[in-house]
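Asker: My file is work_35.cif. It has mmCIF, C-alpha atoms:
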```cif
data_model
#
loop_
_atom_site.group_PDB
_atom_site.id
_atom_site.type_symbol
_atom_site.label_atom_id
_atom_site.label_comp_id
_atom_site.auth_asym_id
_atom_site.auth_seq_id
_atom_site.Cartn_x
_atom_site.Cartn_y
_atom_site.Cartn_z
ATOM 1 C CA MET A 1 40.483 6.568 -12.877
ATOM 2 C CA TYR A 2 37.401 7.603 -14.810
ATOM 3 C CA ALA A 3 39.572 8.417 -17.830
ATOM 4 C CA THR A 4 40.882 4.850 -17.713
ATOM 5 C CA ILE A 5 37.338 3.481 -17.685
ATOM 6 C CA TRP A 6 36.509 5.682 -20.658
ATOM 7 C CA HIS A 7 39.503 4.256 -22.538
ATOM 8 C CA ILE A 8 38.671 0.674 -21.702
ATOM 9 C CA LEU A 9 35.174 1.078 -23.137
ATOM 10 C CA PRO A 10 35.086 -0.100 -26.769
ATOM 11 C CA GLY A 11 33.547 1.484 -29.832
ATOM 12 C CA PRO A 12 32.964 5.034 -31.041
ATOM 13 C CA VAL A 13 32.066 7.924 -28.748
ATOM 14 C CA TRP A 14 28.277 7.503 -29.011
ATOM 15 C CA LEU A 15 28.553 3.831 -28.065
ATOM 16 C CA ARG A 16 30.799 4.672 -25.121
ATOM 17 C CA ILE A 17 28.289 7.249 -23.928
ATOM 18 C CA ILE A 18 25.596 4.558 -24.008
ATOM 19 C CA PHE A 19 27.891 2.224 -22.044
ATOM 20 C CA VAL A 20 28.503 4.956 -19.474
ATOM 21 C CA LEU A 21 24.767 5.597 -19.084
ATOM 22 C CA VAL A 22 24.089 1.872 -18.649
ATOM 23 C CA LEU A 23 26.889 1.615 -16.069
ATOM 24 C CA LEU A 24 25.528 4.670 -14.204
ATOM 25 C CA ALA A 25 22.026 3.205 -14.171
ATOM 26 C CA GLY A 26 23.406 -0.043 -12.780
ATOM 27 C CA VAL A 27 25.365 1.764 -10.077
ATOM 28 C CA LEU A 28 22.317 3.855 -9.081
ATOM 29 C CA TYR A 29 20.151 0.740 -8.936
ATOM 30 C CA ALA A 30 22.666 -1.083 -6.751
ATOM 31 C CA LEU A 31 23.019 1.938 -4.472
ATOM 32 C CA SER A 32 19.297 2.454 -3.914
ATOM 33 C CA THR A 33 18.538 -1.251 -3.592
ATOM 34 C CA TRP A 34 21.337 -2.473 -1.360
ATOM 35 C CA VAL A 35 23.830 0.169 -0.304
ATOM 36 C CA PHE A 36 21.556 3.018 0.854
ATOM 37 C CA PRO A 37 19.156 0.852 2.920
ATOM 38 C CA TRP A 38 22.192 -0.672 4.601
ATOM 39 C CA VAL A 39 23.756 2.736 5.326
ATOM 40 C CA GLU A 40 20.406 3.927 6.635
ATOM 41 C CA SER A 41 20.257 1.052 9.110
ATOM 42 C CA ILE A 42 23.606 2.186 10.525
ATOM 43 C CA VAL A 43 23.236 5.960 10.579
ATOM 44 C CA ASN A 44 19.860 6.629 12.127
ATOM 45 C CA ASN A 45 19.577 10.376 11.617
ATOM 46 C CA GLN A 46 15.805 10.579 12.006
ATOM 47 C CA GLU A 47 14.126 10.505 15.398
ATOM 48 C CA ALA A 48 10.512 11.344 16.099
ATOM 49 C CA THR A 49 9.721 10.125 19.603
ATOM 50 C CA VAL A 50 10.034 11.763 22.989
ATOM 51 C CA GLY A 51 12.084 10.069 25.654
ATOM 52 C CA GLY A 52 13.579 7.710 23.089
ATOM 53 C CA PRO A 53 17.175 6.508 22.923
ATOM 54 C CA MET B 1 41.261 17.935 -32.124
ATOM 55 C CA THR B 2 40.552 18.551 -35.769
ATOM 56 C CA GLU B 3 41.919 22.093 -35.442
ATOM 57 C CA LEU B 4 45.035 20.815 -33.775
ATOM 58 C CA GLY B 5 45.452 18.342 -36.577
ATOM 59 C CA SER B 6 45.192 21.056 -39.212
ATOM 60 C CA ILE B 7 47.844 23.260 -37.565
ATOM 61 C CA THR B 8 50.428 20.539 -37.041
ATOM 62 C CA PRO B 9 50.085 17.905 -39.740
ATOM 63 C CA ALA B 10 51.361 15.060 -37.579
ATOM 64 C CA PRO B 11 50.336 11.424 -37.995
ATOM 65 C CA ALA B 12 47.131 10.594 -36.169
ATOM 66 C CA HIS B 13 48.674 7.974 -33.894
ATOM 67 C CA ARG B 14 51.265 10.432 -32.574
ATOM 68 C CA GLY B 15 48.607 12.922 -31.463
ATOM 69 C CA ARG B 16 46.776 10.142 -29.675
ATOM 70 C CA ARG B 17 49.868 9.003 -27.867
ATOM 71 C CA LYS B 18 50.465 12.549 -26.621
ATOM 72 C CA LEU B 19 46.951 12.672 -25.158
ATOM 73 C CA ARG B 20 47.484 9.334 -23.416
ATOM 74 C CA VAL B 21 50.631 10.617 -21.768
ATOM 75 C CA ARG B 22 48.777 13.620 -20.400
ATOM 76 C CA ARG B 23 46.095 11.354 -18.923
ATOM 77 C CA ARG B 24 48.518 9.173 -16.994
ATOM 78 C CA VAL B 25 46.949 7.896 -13.797
ATOM 79 C CA THR B 26 48.472 9.510 -10.703
ATOM 80 C CA VAL B 27 47.850 8.804 -7.033
ATOM 81 C CA VAL B 28 46.659 12.355 -6.429
ATOM 82 C CA GLY B 29 44.392 12.183 -9.450
ATOM 83 C CA VAL B 30 42.742 8.959 -8.321
ATOM 84 C CA LEU B 31 42.454 10.258 -4.755
ATOM 85 C CA GLY B 32 40.775 13.422 -6.024
ATOM 86 C CA GLU B 33 38.311 11.453 -8.097
ATOM 87 C CA LEU B 34 37.534 9.171 -5.156
ATOM 88 C CA LEU B 35 36.884 12.166 -2.899
ATOM 89 C CA ILE B 36 34.554 13.727 -5.453
ATOM 90 C CA THR B 37 32.825 10.368 -5.841
ATOM 91 C CA GLY B 38 32.398 10.153 -2.062
ATOM 92 C CA GLY B 39 30.815 13.608 -1.992
ATOM 93 C CA VAL B 40 28.437 12.702 -4.787
ATOM 94 C CA LEU B 41 27.513 9.470 -2.961
ATOM 95 C CA VAL B 42 26.648 11.383 0.224
ATOM 96 C CA LEU B 43 24.425 13.774 -1.747
ATOM 97 C CA LEU B 44 22.822 10.830 -3.553
ATOM 98 C CA PHE B 45 22.122 9.127 -0.229
ATOM 99 C CA LEU B 46 20.439 12.243 1.168
ATOM 100 C CA GLY B 47 18.378 12.613 -1.987
ATOM 101 C CA TRP B 48 17.420 8.967 -1.804
ATOM 102 C CA GLN B 49 16.490 9.136 1.877
ATOM 103 C CA LEU B 50 14.609 12.441 1.857
ATOM 104 C CA TRP B 51 12.834 12.262 -1.490
ATOM 105 C CA TRP B 52 12.994 8.994 -3.356
ATOM 106 C CA ASN B 53 12.610 6.492 -0.511
ATOM 107 C CA ASP B 54 10.359 8.966 1.320
ATOM 108 C CA MET B 55 7.995 9.063 -1.649
ATOM 109 C CA ILE B 56 7.999 5.289 -2.080
ATOM 110 C CA LEU B 57 7.257 4.712 1.609
ATOM 111 C CA ALA B 58 4.568 7.413 1.694
ATOM 112 C CA ASN B 59 2.766 5.666 -1.166
ATOM 113 C CA SER B 60 3.065 2.161 0.229
ATOM 114 C CA GLN B 61 2.044 3.282 3.738
ATOM 115 C CA THR B 62 -1.016 5.056 2.337
ATOM 116 C CA GLU B 63 -1.990 2.011 0.272
ATOM 117 C CA ALA B 64 -1.671 -0.231 3.306
ATOM 118 C CA ALA B 65 -3.835 2.158 5.347
ATOM 119 C CA THR B 66 -6.501 2.103 2.638
ATOM 120 C CA GLU B 67 -6.518 -1.669 2.711
ATOM 121 C CA ILE B 68 -6.853 -2.002 6.472
ATOM 122 C CA SER B 69 -9.595 0.665 6.594
ATOM 123 C CA GLN B 70 -11.599 -1.098 3.889
ATOM 124 C CA ASP B 71 -11.167 -4.436 5.662
ATOM 125 C CA TRP B 72 -12.758 -3.022 8.820
ATOM 126 C CA ILE B 73 -15.677 -1.530 6.903
ATOM 127 C CA GLU B 74 -16.286 -4.786 5.044
ATOM 128 C CA GLU B 75 -15.970 -6.894 8.184
ATOM 129 C CA ASP B 76 -18.513 -4.680 9.890
ATOM 130 C CA ARG B 77 -20.882 -4.919 6.922
ATOM 131 C CA ALA B 78 -20.534 -8.694 6.842
ATOM 132 C CA ALA B 79 -21.071 -8.970 10.605
ATOM 133 C CA ARG B 80 -24.357 -7.049 10.755
ATOM 134 C CA GLY B 81 -25.773 -8.026 7.343
ATOM 135 C CA ASP B 82 -26.908 -5.607 4.679
ATOM 136 C CA ASP B 83 -30.538 -5.307 5.706
ATOM 137 C CA GLU B 84 -30.007 -4.074 9.275
ATOM 138 C CA PRO B 85 -30.283 -0.271 9.538
ATOM 139 C CA PRO B 86 -27.363 1.663 11.022
ATOM 140 C CA PRO B 87 -27.693 2.569 14.708
ATOM 141 C CA ASP B 88 -29.442 5.710 15.873
ATOM 142 C CA PRO B 89 -27.157 8.745 15.350
ATOM 143 C CA ALA B 90 -28.315 10.291 18.616
ATOM 144 C CA ASN B 91 -27.286 7.397 20.804
ATOM 145 C CA TYR B 92 -23.718 6.208 20.378
ATOM 146 C CA GLY B 93 -22.927 6.508 24.076
ATOM 147 C CA ASP B 94 -19.368 6.549 25.353
ATOM 148 C CA PRO B 95 -16.700 5.670 22.784
ATOM 149 C CA VAL B 96 -15.700 2.033 22.550
ATOM 150 C CA VAL B 97 -12.159 1.588 23.847
ATOM 151 C CA ALA B 98 -10.196 -1.278 22.352
ATOM 152 C CA VAL B 99 -7.485 -3.246 24.147
ATOM 153 C CA ALA B 100 -3.950 -2.301 23.106
ATOM 154 C CA PRO B 101 -2.676 -4.852 20.567
ATOM 155 C CA ALA B 102 0.645 -6.666 20.521
ATOM 156 C CA GLU B 103 3.831 -4.787 19.599
ATOM 157 C CA ASP B 104 4.020 -3.812 15.902
ATOM 158 C CA ASP B 105 0.369 -4.733 15.245
ATOM 159 C CA PRO B 106 -1.678 -2.123 13.326
ATOM 160 C CA PHE B 107 -4.929 -1.112 15.016
ATOM 161 C CA ALA B 108 -5.961 2.325 13.720
ATOM 162 C CA VAL B 109 -5.816 4.667 10.739
ATOM 163 C CA LEU B 110 -5.121 8.393 11.150
ATOM 164 C CA TYR B 111 -6.833 10.963 8.908
ATOM 165 C CA VAL B 112 -5.857 14.641 8.996
ATOM 166 C CA PRO B 113 -7.632 16.720 6.318
ATOM 167 C CA ARG B 114 -5.156 19.588 6.892
ATOM 168 C CA PHE B 115 -2.325 17.352 5.702
ATOM 169 C CA PRO B 116 -1.806 16.737 1.946
ATOM 170 C CA GLU B 117 -4.961 15.642 0.145
ATOM 171 C CA GLY B 118 -6.038 12.089 0.834
ATOM 172 C CA TYR B 119 -3.681 11.742 3.811
ATOM 173 C CA HIS B 120 -4.250 8.602 5.854
ATOM 174 C CA ARG B 121 -1.718 6.366 7.606
ATOM 175 C CA THR B 122 -1.753 3.264 9.726
ATOM 176 C CA ILE B 123 -1.110 3.488 13.465
ATOM 177 C CA ALA B 124 0.580 0.450 15.002
ATOM 178 C CA GLU B 125 1.527 -0.392 18.573
ATOM 179 C CA GLY B 126 5.024 0.693 19.617
ATOM 180 C CA THR B 127 7.348 3.454 18.459
ATOM 181 C CA SER B 128 10.284 1.311 17.388
ATOM 182 C CA MET B 129 11.977 1.647 14.008
ATOM 183 C CA ASP B 130 10.022 -1.463 12.965
ATOM 184 C CA VAL B 131 6.883 0.664 13.055
ATOM 185 C CA LEU B 132 8.087 4.177 12.152
ATOM 186 C CA ASN B 133 10.368 3.091 9.292
ATOM 187 C CA SER B 134 7.986 0.429 8.013
ATOM 188 C CA GLU B 135 6.738 0.246 4.438
ATOM 189 C CA VAL B 136 3.180 -0.456 5.597
ATOM 190 C CA LEU B 137 2.866 1.206 9.035
ATOM 191 C CA GLY B 138 4.513 4.583 9.704
ATOM 192 C CA ILE B 139 2.791 5.889 12.848
ATOM 193 C CA GLY B 140 3.589 4.408 16.256
ATOM 194 C CA HIS B 141 1.429 4.408 19.395
ATOM 195 C CA TYR B 142 3.418 4.969 22.604
ATOM 196 C CA PRO B 143 2.917 1.755 24.587
ATOM 197 C CA GLY B 144 1.261 2.421 27.918
ATOM 198 C CA THR B 145 -0.531 5.555 26.742
ATOM 199 C CA GLN B 146 -4.296 5.368 26.289
ATOM 200 C CA MET B 147 -6.185 4.015 23.287
ATOM 201 C CA PRO B 148 -8.422 6.031 20.926
ATOM 202 C CA GLY B 149 -11.492 7.362 22.777
ATOM 203 C CA GLU B 150 -10.113 6.456 26.192
ATOM 204 C CA VAL B 151 -9.984 9.033 28.979
ATOM 205 C CA GLY B 152 -6.355 10.142 29.109
ATOM 206 C CA ASN B 153 -3.812 10.600 26.354
ATOM 207 C CA PHE B 154 -3.703 8.697 23.058
ATOM 208 C CA ALA B 155 -0.108 9.477 22.035
ATOM 209 C CA VAL B 156 1.464 8.658 18.673
ATOM 210 C CA ALA B 157 4.727 9.435 16.884
ATOM 211 C CA ALA B 158 5.749 9.635 13.228
ATOM 212 C CA HIS B 159 8.662 10.932 11.176
ATOM 213 C CA ARG B 160 8.694 14.564 10.116
ATOM 214 C CA SER B 161 10.785 13.842 7.023
ATOM 215 C CA ALA B 162 12.008 10.650 5.326
ATOM 216 C CA TYR B 163 10.376 7.224 5.767
ATOM 217 C CA GLY B 164 7.115 8.574 4.388
ATOM 218 C CA GLY B 165 7.125 11.697 6.596
ATOM 219 C CA GLY B 166 3.845 10.919 8.359
ATOM 220 C CA MET B 167 3.938 14.208 10.298
ATOM 221 C CA ASN B 168 5.597 16.328 7.609
ATOM 222 C CA ARG B 169 3.011 19.141 7.801
ATOM 223 C CA ILE B 170 2.303 18.944 11.544
ATOM 224 C CA ASN B 171 3.363 22.587 11.958
ATOM 225 C CA GLU B 172 0.565 23.688 9.616
ATOM 226 C CA LEU B 173 -2.264 22.471 11.852
ATOM 227 C CA GLN B 174 -4.714 25.195 12.856
ATOM 228 C CA VAL B 175 -6.917 25.379 15.930
ATOM 229 C CA GLY B 176 -10.080 23.365 15.403
ATOM 230 C CA ASP B 177 -8.678 21.184 12.598
ATOM 231 C CA ALA B 178 -10.133 17.691 12.645
ATOM 232 C CA ILE B 179 -7.943 14.717 13.511
ATOM 233 C CA TYR B 180 -9.802 11.474 12.810
ATOM 234 C CA VAL B 181 -8.810 8.067 14.119
ATOM 235 C CA GLN B 182 -10.489 5.044 12.578
ATOM 236 C CA THR B 183 -10.352 1.637 14.262
ATOM 237 C CA ALA B 184 -12.182 -1.636 13.755
ATOM 238 C CA ASP B 185 -14.844 -0.223 16.134
ATOM 239 C CA GLY B 186 -15.496 3.146 14.548
ATOM 240 C CA TYR B 187 -14.380 6.728 14.030
ATOM 241 C CA TYR B 188 -13.030 9.011 16.762
ATOM 242 C CA THR B 189 -13.001 12.738 16.033
ATOM 243 C CA TYR B 190 -10.468 14.951 17.778
ATOM 244 C CA ARG B 191 -10.020 18.697 17.303
ATOM 245 C CA PHE B 192 -6.516 20.132 17.137
ATOM 246 C CA ARG B 193 -5.842 22.457 20.065
ATOM 247 C CA ASP B 194 -2.200 23.635 20.194
ATOM 248 C CA LEU B 195 1.423 23.028 19.309
ATOM 249 C CA HIS B 196 4.317 22.769 21.738
ATOM 250 C CA TYR B 197 8.060 22.648 21.101
ATOM 251 C CA VAL B 198 9.982 20.612 23.659
ATOM 252 C CA GLN B 199 13.289 18.875 24.331
ATOM 253 C CA PRO B 200 13.592 15.288 23.034
ATOM 254 C CA SER B 201 13.610 14.092 26.660
ATOM 255 C CA ALA B 202 10.173 15.607 27.471
ATOM 256 C CA VAL B 203 8.270 12.400 28.194
ATOM 257 C CA GLU B 204 5.711 14.360 30.242
ATOM 258 C CA VAL B 205 3.927 15.370 27.016
ATOM 259 C CA ILE B 206 2.549 11.848 26.667
ATOM 260 C CA ALA B 207 1.348 11.604 30.273
ATOM 261 C CA PRO B 208 -2.426 10.947 30.756
ATOM 262 C CA VAL B 209 -2.696 14.641 31.655
ATOM 263 C CA PRO B 210 0.100 16.154 29.541
ATOM 264 C CA ASN B 211 2.859 17.849 31.562
ATOM 265 C CA VAL B 212 1.204 17.008 34.891
ATOM 266 C CA SER B 213 2.101 13.892 36.834
ATOM 267 C CA GLY B 214 0.036 12.068 39.431
ATOM 268 C CA VAL B 215 -3.307 13.519 38.377
ATOM 269 C CA ALA B 216 -6.261 11.386 37.282
ATOM 270 C CA PRO B 217 -7.263 12.363 33.720
ATOM 271 C CA THR B 218 -10.772 13.570 32.920
ATOM 272 C CA ASP B 219 -10.291 14.585 29.264
ATOM 273 C CA ARG B 220 -9.713 12.502 26.185
ATOM 274 C CA ILE B 221 -6.581 13.884 24.474
ATOM 275 C CA ILE B 222 -4.670 12.924 21.333
ATOM 276 C CA THR B 223 -0.967 13.781 21.158
ATOM 277 C CA LEU B 224 1.054 13.725 17.945
ATOM 278 C CA THR B 225 4.834 13.919 18.275
ATOM 279 C CA SER B 226 7.485 14.382 15.599
ATOM 280 C CA CYS B 227 10.908 15.913 15.246
ATOM 281 C CA ASN B 228 11.606 19.616 14.882
ATOM 282 C CA PRO B 229 12.879 21.641 13.097
ATOM 283 C CA LEU B 230 12.362 20.016 9.722
ATOM 284 C CA LEU B 231 15.376 17.812 8.842
ATOM 285 C CA SER B 232 16.702 18.113 12.400
ATOM 286 C CA THR B 233 16.278 16.098 15.573
ATOM 287 C CA ALA B 234 17.238 18.879 17.989
ATOM 288 C CA GLU B 235 13.704 19.331 19.332
ATOM 289 C CA ARG B 236 10.303 17.664 19.258
ATOM 290 C CA ILE B 237 7.109 19.225 17.967
ATOM 291 C CA ILE B 238 3.995 18.234 19.899
ATOM 292 C CA ALA B 239 0.417 18.649 18.647
ATOM 293 C CA TYR B 240 -2.472 18.222 21.078
ATOM 294 C CA GLY B 241 -6.058 17.526 20.127
ATOM 295 C CA VAL B 242 -9.194 17.167 22.238
ATOM 296 C CA PHE B 243 -11.803 14.449 21.771
ATOM 297 C CA GLU B 244 -15.038 15.635 20.210
ATOM 298 C CA SER B 245 -17.201 12.685 19.193
ATOM 299 C CA TRP B 246 -17.368 9.033 18.310
ATOM 300 C CA GLN B 247 -19.399 6.973 15.862
ATOM 301 C CA PRO B 248 -19.390 3.236 15.191
ATOM 302 C CA THR B 249 -18.247 1.794 11.851
ATOM 303 C CA ALA B 250 -21.864 0.945 10.980
ATOM 304 C CA ALA B 251 -22.804 4.640 11.147
ATOM 305 C CA GLY B 252 -20.373 5.431 8.340
ATOM 306 C CA PRO B 253 -17.471 7.876 8.427
ATOM 307 C CA PRO B 254 -17.726 11.506 9.568
ATOM 308 C CA ALA B 255 -19.013 13.756 6.772
ATOM 309 C CA GLU B 256 -15.573 15.222 6.049
ATOM 310 C CA LEU B 257 -14.118 11.753 5.423
ATOM 311 C CA THR B 258 -16.980 10.387 3.305
ATOM 312 C CA PRO B 259 -15.478 11.311 -0.110
ATOM 313 C CA LEU B 260 -12.052 9.951 0.818
ATOM 314 C CA ILE B 261 -13.395 6.654 2.128
ATOM 315 C CA ALA B 262 -15.690 6.298 -0.893
ATOM 316 C CA ALA B 263 -12.627 6.781 -3.121
ATOM 317 C CA GLN B 264 -10.765 4.135 -1.122
ATOM 318 C CA ALA B 265 -13.580 1.649 -1.692
ATOM 319 C CA GLN B 266 -13.126 2.037 -5.448
ATOM 320 C CA SER B 267 -9.359 1.694 -5.468
#
```
Write out the structure in this file as structure tokens.

Answerer:
Amino acid sequence: MYATIWHILPGPVWLRIIFVLVLLAGVLYALSTWVFPWVESIVNNQEATVGGP
Amino acid sequence: MTELGSITPAPAHRGRRKLRVRRRVTVVGVLGELLITGGVLVLLFLGWQLWWNDMILANSQTEAATEISQDWIEEDRAARGDDEPPPDPANYGDPVVAVAPAEDDPFAVLYVPRFPEGYHRTIAEGTSMDVLNSEVLGIGHYPGTQMPGEVGNFAVAAHRSAYGGGMNRINELQVGDAIYVQTADGYYTYRFRDLHYVQPSAVEVIAPVPNVSGVAPTDRIITLTSCNPLLSTAERIIAYGVFESWQPTAAGPPAELTPLIAAQAQS
């Protein structure tokens, strides 16, 4: 899967590495902006009150 | 690759084709990569929740607390005018007790010098996720428990880790440590007394007289609750403090808070 992505990327190795880094940055941004806050709202694994739900 | 090329002088395109064949996509291969990706995502989420988002929320909650504290000080200054001297330090009388605000409304700022330097967070009414997980609040006041300075129990809750970790260092409190609560009316000084470790169901710790029901309170207590152990929700850690003194906003902050509040005024 990842090998396929690597092959699809154009250009020499250094350019592909830059593409990969840009893709990774985009994925991390999307995760921390949308995905993780959404997951957090579902799995509430932090509780600080007494007598709470 | 260059070594391989030198041993077997085959055309370049043939070598490449061989590599492609070896990298053929298989179901097991893709499944394996997906599983590894899932594992990495879980670790990333934990890192995000416990460090990255925690740090962002801690900063924004602290900034919001600074703002609300400065607003109260400025409102007080504007209300009494600059020329009027502050009230007599010997005669503050009984602490002013405010009326509990509406759900989710901020009404106090907590200062604990034992916590990391410059620690101050906003206390809002209610202990829902809207308060505890908020970017600008962070500490929740148990509805129905007393207000700052009131006879009885002023009980608040905050996260131990993640969401700004308002009570992250609660276990490091030492007997006699100051716990300051600032409201629009003034500053309430409590002294830390003891820690308790209880079951999550132990609602009696926020009773007007903690752990005793049906008794009229005579002391002014502050109760901080958070989860315990760190990164777990198996138990609750409870910190009690006893009321020591009160001073109105016009009298200025307690000596220990003066540098911090002066720094806030400049920020």

Asker: For atom CA of Ala265 of chain B and atom CA of Phe107 of chain B, quote the distance in Å rounded to one decimal.

Answerer: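 Distance reported for this atom pair: 19.0 Å.
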
Asker: Kindly provide, as JSON, numbers by chain, the residues of chain B having any atom no farther than 9 Å from an atom of chain A, counting all atoms listed in the file.

Answerer: {"B": [23, 24, 25, 26, 29, 30, 33, 34, 41, 44, 45, 48, 49, 53, 127, 132, 142, 156, 157, 158, 159, 160, 161, 162, 163, 198, 199, 200, 201, 202, 203, 204, 205, 206, 225, 226, 227, 228, 231, 232, 233, 236, 237]}

Asker: For this structure, which residues satisfy the selection - the PyMOL selection byres ((chain B and resi 241) around 10) - when it is evaluated on the file as given? I want them as a list in words.

Answerer: Asn153, Phe154, Val175, Gly176, Asp177, Ala178, Ile179, Thr189, Tyr190, Arg191, Phe192, Arg193, Asp194, Leu195, Arg220, Ile221, Ile222, Thr223, Leu224, Ala239, Tyr240, Val242, Phe243 and Glu244 of chain B

Asker: Enclose the full set of atoms of segment 214-225 of chain B listed in the file within a box whose edges lie along x, y and z, apply 6 Å of padding to each of the six sides, and report centre and edge lengths in Å to one decimal as AutoDock Vina command-line options.

Answerer:
```
--center_x -3.0 --center_y 13.0 --center_z 28.7 --size_x 27.6 --size_y 15.2 --size_z 33.5
```

Asker: Please identify all polymer residues within 9 Å of Leu9 of chain A, counting all atoms listed in the file, omitting same-chain residues fewer than 4 positions from it, and present them as a PyMOL selection string.

Answerer: chain A and resi 4-5+15-16+19-20

Asker: Nearest to Glu125 of chain B among B:Val97, B:Ala108, B:Leu57, B:Ile238, with distances taken over all atoms listed in the file: which residue is it?

Answerer: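 Going through B:Val97, B:Ala108, B:Leu57, B:Ile238 one by one, the smallest distance to Glu125 of chain B is for B:Ala108.
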
Asker: So which one's closest to Gln61 of chain B, B:Val212, B:Ala155, B:Val131, B:Ile170? Using only C-alpha atoms, please.

Answerer: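 The closest residue to Gln61 of chain B is B:Val131.
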
Asker: At what distance in Å, to one decimal, does atom CA of Gly152 of chain B lie from atom CA of Pro101 of chain B?

Answerer: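 Result for atom CA of Pro101 of chain B versus atom CA of Gly152 of chain B: 17.6 Å, one decimal.
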
Asker: Between atom CA of Glu63 of chain B and atom CA of Ile139 of chain B, what distance in Å does the model show, to one decimal?

Answerer: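 About the pair atom CA of Glu63 of chain B and atom CA of Ile139 of chain B: they are 14.0 Å apart.
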
Asker: Selected by the PyMOL selection byres ((chain B and resi 119) around 10) in the shown coordinates: which residues, as a PyMOL selection string?

Answerer: chain B and resi 58+62+65+110-118+120-121+166+260

Asker: Looking at all atoms listed in the file, which of B:Asp105, B:Asp54, B:Asp130, B:Asp76 is the one that sits closest to Gly186 of chain B?

Answerer: B:Asp76

Asker: Saving segment 2-53 of chain A with C-alpha atoms, as a CSV table (one decimal), in the first residue's frame, what would that file be?

Answerer:
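Printed below is decode.csv as written:
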```csv
chain,number,residue,atom,x,y,z
A,2,TYR,CA,2.6,2.5,1.1
A,3,ALA,CA,5.0,1.1,-1.6
A,4,THR,CA,2.3,1.9,-4.2
A,5,ILE,CA,2.0,5.4,-3.0
A,6,TRP,CA,5.8,5.8,-3.2
A,7,HIS,CA,5.7,4.6,-6.8
A,8,ILE,CA,2.9,6.9,-7.8
A,9,LEU,CA,4.8,9.9,-6.5
A,10,PRO,CA,6.7,11.6,-9.4
A,11,GLY,CA,10.2,12.8,-9.6
A,12,PRO,CA,13.6,11.8,-8.1
A,13,VAL,CA,14.0,10.4,-4.6
A,14,TRP,CA,14.6,13.8,-2.9
A,15,LEU,CA,11.4,15.2,-4.5
A,16,ARG,CA,9.4,12.1,-3.4
A,17,ILE,CA,10.7,12.5,0.2
A,18,ILE,CA,9.5,16.1,0.1
A,19,PHE,CA,6.1,14.9,-1.2
A,20,VAL,CA,5.9,12.3,1.6
A,21,LEU,CA,6.7,14.9,4.3
A,22,VAL,CA,4.1,17.3,2.9
A,23,LEU,CA,1.5,14.5,2.8
A,24,LEU,CA,2.4,13.5,6.4
A,25,ALA,CA,2.0,17.1,7.6
A,26,GLY,CA,-1.4,17.3,5.9
A,27,VAL,CA,-2.5,14.0,7.5
A,28,LEU,CA,-1.3,15.2,11.0
A,29,TYR,CA,-3.1,18.5,10.6
A,30,ALA,CA,-6.3,16.8,9.6
A,31,LEU,CA,-6.0,14.3,12.5
A,32,SER,CA,-5.4,16.9,15.1
A,33,THR,CA,-8.0,19.4,13.8
A,34,TRP,CA,-10.9,17.1,12.9
A,35,VAL,CA,-10.4,13.5,13.7
A,36,PHE,CA,-8.9,13.5,17.2
A,37,PRO,CA,-11.4,16.1,18.7
A,38,TRP,CA,-14.2,13.9,17.2
A,39,VAL,CA,-12.8,10.7,18.7
A,40,GLU,CA,-12.3,12.4,22.0
A,41,SER,CA,-16.0,13.4,22.1
A,42,ILE,CA,-16.9,9.7,21.7
A,43,VAL,CA,-14.4,8.0,24.0
A,44,ASN,CA,-14.5,10.0,27.2
A,45,ASN,CA,-11.6,8.5,29.1
A,46,GLN,CA,-11.0,11.3,31.5
A,47,GLU,CA,-13.3,11.8,34.6
A,48,ALA,CA,-12.6,14.1,37.5
A,49,THR,CA,-15.8,14.5,39.5
A,50,VAL,CA,-17.2,12.4,42.3
A,51,GLY,CA,-20.6,10.9,41.9
A,52,GLY,CA,-20.6,11.6,38.2
A,53,PRO,CA,-21.9,9.4,35.4
```
